[in-house]
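**Q** Before we start, here is the structure in question, set down as structure tokens.
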Amino acid sequence: MLTQLLPMLQDASSISVDYSSKGELGTGGTLVVLAILIVMIAAVWKVFTKAGQPGWALFIPIYNAIVWLRVCGKPGWWVILLFIPIVNFIITLLASLGMAKSFGKSSGFGIGLWLLGPIFLLILAFGDAKYQGNQG
């Protein structure tokens, strides 16, 4: 029995595994991620410009959050609250509800923005929604 296992063990020791490609997306995956990124950049840019804000603001860290809060009808100082764990979930919910209201959408749409942001952001950006301003 041992003499039968010995050749198999010798064969197994010569197996080499190449882990260099572990975690890579490959060309196709990279192109898909880039396409999604470009579409999301276009969506945020469009929402900002619909609200009369500069679209390029999405590229500036922290300032983009201030502009987003401004579009949502919330004070800019709330950006500080976004850095506090757990509180940031509540702030993003309130801001999402404010954004929906600013574009004349329902609270259900605001919850959709909060839970499924990319999908509802595309609807807001490329749909017929018009910015109605901050109504309190």
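The chains in the structure tokens are called A, B, ... from first to last as shown; in each chain the residues are counted from 1, and the ligands are counted from 1 in the order shown.
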Can you list, as a PyMOL selection string, every protein, DNA or RNA residue that comes within 7 Å of A:Phe103 when you count only C-alpha atoms, leaving out same-chain residues fewer than 2 positions away?

**A** chain A and resi 99-101+105+129-132

**Q** Counting only C-alpha atoms, which residues of stretch 22-59 of chain A fall within 7 Å of stretch 64-79 of chain A, and what is the closest atom pair for each with its distance in Å at one decimal, ordered by chain and rising number, as CSV?

**A**
residue,atom,partner,partner_atom,distance
A:Ala51,CA,A:Val71,CA,6.2
A:Ala57,CA,A:Asn64,CA,5.2
A:Leu58,CA,A:Asn64,CA,4.8
A:Phe59,CA,A:Asn64,CA,6.9

**Q** Take the residues from that selection and write them out as a short mmCIF file (atom, residue, chain, number, x, y, z; two decimals), in the first residue's frame, keeping C-alpha atoms.

**A**
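Printed below is result_32.cif as written:
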data_model
loop_
_atom_site.label_atom_id
_atom_site.label_comp_id
_atom_site.auth_asym_id
_atom_site.auth_seq_id
_atom_site.Cartn_x
_atom_site.Cartn_y
_atom_site.Cartn_z
CA ALA A 51 -29.72 71.83 -8.67
CA ALA A 57 -17.59 69.77 -7.14
CA LEU A 58 -18.00 66.01 -7.05
CA PHE A 59 -14.23 65.64 -7.49
#

**Q** With only C-alpha atoms as the basis for distance, which of A:Ile36, A:Ile111, A:Leu124, A:Val47 is at the shortest distance from A:Phe89?

**A**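 Using only C-alpha atoms, A:Phe89 sits closest to A:Ile111.
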
**Q** Quick one: residues within 10 Å of A:Ala125, only C-alpha atoms counted, chain neighbours fewer than 5 positions away excluded, as a PyMOL selection string?

**A** chain A and resi 40+42-50+120+130
